[in-house]
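Enquirer: Structure below; questions to follow.
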Amino acid sequence: MPLNRDNVSAIAHLARLKVPEEDLDSLAGELNNILGWVEQLDEVDTDGVAPMTSVVATEYARRADNVDDGGIAEDVLANAPDRMDGFFAVPKVVE
């Protein structure tokens, strides 16, 4: 479906772009050319091609997912204006 000046105006409005009226026709032509290139991708046979996230096969280093307190609880609590039983103490906000 080729784009006309009304379509381009609506797209510009949705994208919050200010496009002057005299530029709508040329912009419609440019967008139609871009959409033509995208439509050419439908002609590519991708059967049997595995999806990939990178052009280079990469294995990322992984570490064990161990939960701990970081060993710096006292350092963190040193910044607390008020603390109780090893936690930040905050004023009650709900009656």
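Note on naming: chains are A, B, ... as they come in the structure tokens, residues start from 1 per chain, ligands start from 1 in the order shown.
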Taking only chain A into account, list the residues labelled alpha helix (DSSP H) by DSSP (computed from the backbone), as a PyMOL selection string.

Expert: chain A and resi 5-14+24-40+73-77

Enquirer: Given the selection you just returned, output its residues as a file containing C-alpha atoms, formatted as a PDB file, in the first residue's frame.

Expert:
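Listing of again-v4.pdb after writing:
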```pdb
ATOM      1  CA  ARG A   5       0.379  12.816   1.876  1.00  0.00           C
ATOM      2  CA  ASP A   6      -2.519  12.151   4.300  1.00  0.00           C
ATOM      3  CA  ASN A   7      -0.812   8.979   5.565  1.00  0.00           C
ATOM      4  CA  VAL A   8       2.493  10.809   5.978  1.00  0.00           C
ATOM      5  CA  SER A   9       0.775  13.638   7.840  1.00  0.00           C
ATOM      6  CA  ALA A  10      -0.875  11.138  10.200  1.00  0.00           C
ATOM      7  CA  ILE A  11       2.431   9.309  10.770  1.00  0.00           C
ATOM      8  CA  ALA A  12       4.209  12.602  11.474  1.00  0.00           C
ATOM      9  CA  HIS A  13       1.485  13.539  13.958  1.00  0.00           C
ATOM     10  CA  LEU A  14       1.810  10.184  15.771  1.00  0.00           C
ATOM     11  CA  LEU A  24       4.736  15.882   2.647  1.00  0.00           C
ATOM     12  CA  ASP A  25       4.824  14.759  -0.996  1.00  0.00           C
ATOM     13  CA  SER A  26       8.602  14.292  -1.116  1.00  0.00           C
ATOM     14  CA  LEU A  27       8.567  12.542   2.248  1.00  0.00           C
ATOM     15  CA  ALA A  28       5.828  10.201   1.007  1.00  0.00           C
ATOM     16  CA  GLY A  29       8.049   9.266  -1.953  1.00  0.00           C
ATOM     17  CA  GLU A  30      11.037   8.609   0.308  1.00  0.00           C
ATOM     18  CA  LEU A  31       8.972   6.475   2.681  1.00  0.00           C
ATOM     19  CA  ASN A  32       7.533   4.499  -0.234  1.00  0.00           C
ATOM     20  CA  ASN A  33      11.096   3.774  -1.435  1.00  0.00           C
ATOM     21  CA  ILE A  34      12.070   2.570   2.051  1.00  0.00           C
ATOM     22  CA  LEU A  35       8.975   0.357   2.263  1.00  0.00           C
ATOM     23  CA  GLY A  36       9.873  -1.063  -1.151  1.00  0.00           C
ATOM     24  CA  TRP A  37      13.263  -2.129   0.176  1.00  0.00           C
ATOM     25  CA  VAL A  38      11.606  -3.725   3.201  1.00  0.00           C
ATOM     26  CA  GLU A  39       9.160  -5.606   0.969  1.00  0.00           C
ATOM     27  CA  GLN A  40      12.124  -7.087  -0.902  1.00  0.00           C
ATOM     28  CA  ALA A  73      25.605  -4.709  56.044  1.00  0.00           C
ATOM     29  CA  GLU A  74      27.312  -2.669  58.767  1.00  0.00           C
ATOM     30  CA  ASP A  75      28.813  -0.289  56.197  1.00  0.00           C
ATOM     31  CA  VAL A  76      25.385   0.260  54.639  1.00  0.00           C
ATOM     32  CA  LEU A  77      23.671   0.732  57.991  1.00  0.00           C
TER      33      LEU A  77
END
```

Enquirer: Distance CA of Met1 (chain A)-CA of Asp23 (chain A), one decimal place?

Expert: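 Result for CA of Met1 (chain A) versus CA of Asp23 (chain A): 20.1 Å, one decimal.
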
Enquirer: To one decimal place, how far is CA of Asn79 (chain A) from CA of Lys92 (chain A) in Å?

Expert: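 Separation between CA of Asn79 (chain A) and CA of Lys92 (chain A): 19.7 Å.
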
Enquirer: Set the distance at 9 Å and use only C-alpha atoms: which residues neighbour Ala80 (chain A) once local chain neighbours fewer than 6 positions away are removed? I'd like the list as a PyMOL selection string.

Expert: chain A and resi 87-89

Enquirer: Take the residues from that selection and write them out as a PDB file, in the first residue's frame, keeping N, CA and C atoms.

Expert:
```pdb
ATOM      1  N   PHE A  87      18.348  -3.387  60.602  1.00  0.00           N
ATOM      2  CA  PHE A  87      17.574  -2.876  59.456  1.00  0.00           C
ATOM      3  C   PHE A  87      17.416  -1.371  59.580  1.00  0.00           C
ATOM      4  N   PHE A  88      17.084  -0.713  58.465  1.00  0.00           N
ATOM      5  CA  PHE A  88      16.720   0.682  58.487  1.00  0.00           C
ATOM      6  C   PHE A  88      15.402   0.825  59.234  1.00  0.00           C
ATOM      7  N   ALA A  89      15.310   1.786  60.140  1.00  0.00           N
ATOM      8  CA  ALA A  89      14.034   2.061  60.827  1.00  0.00           C
ATOM      9  C   ALA A  89      13.440   3.284  60.171  1.00  0.00           C
TER      10      ALA A  89
END
```
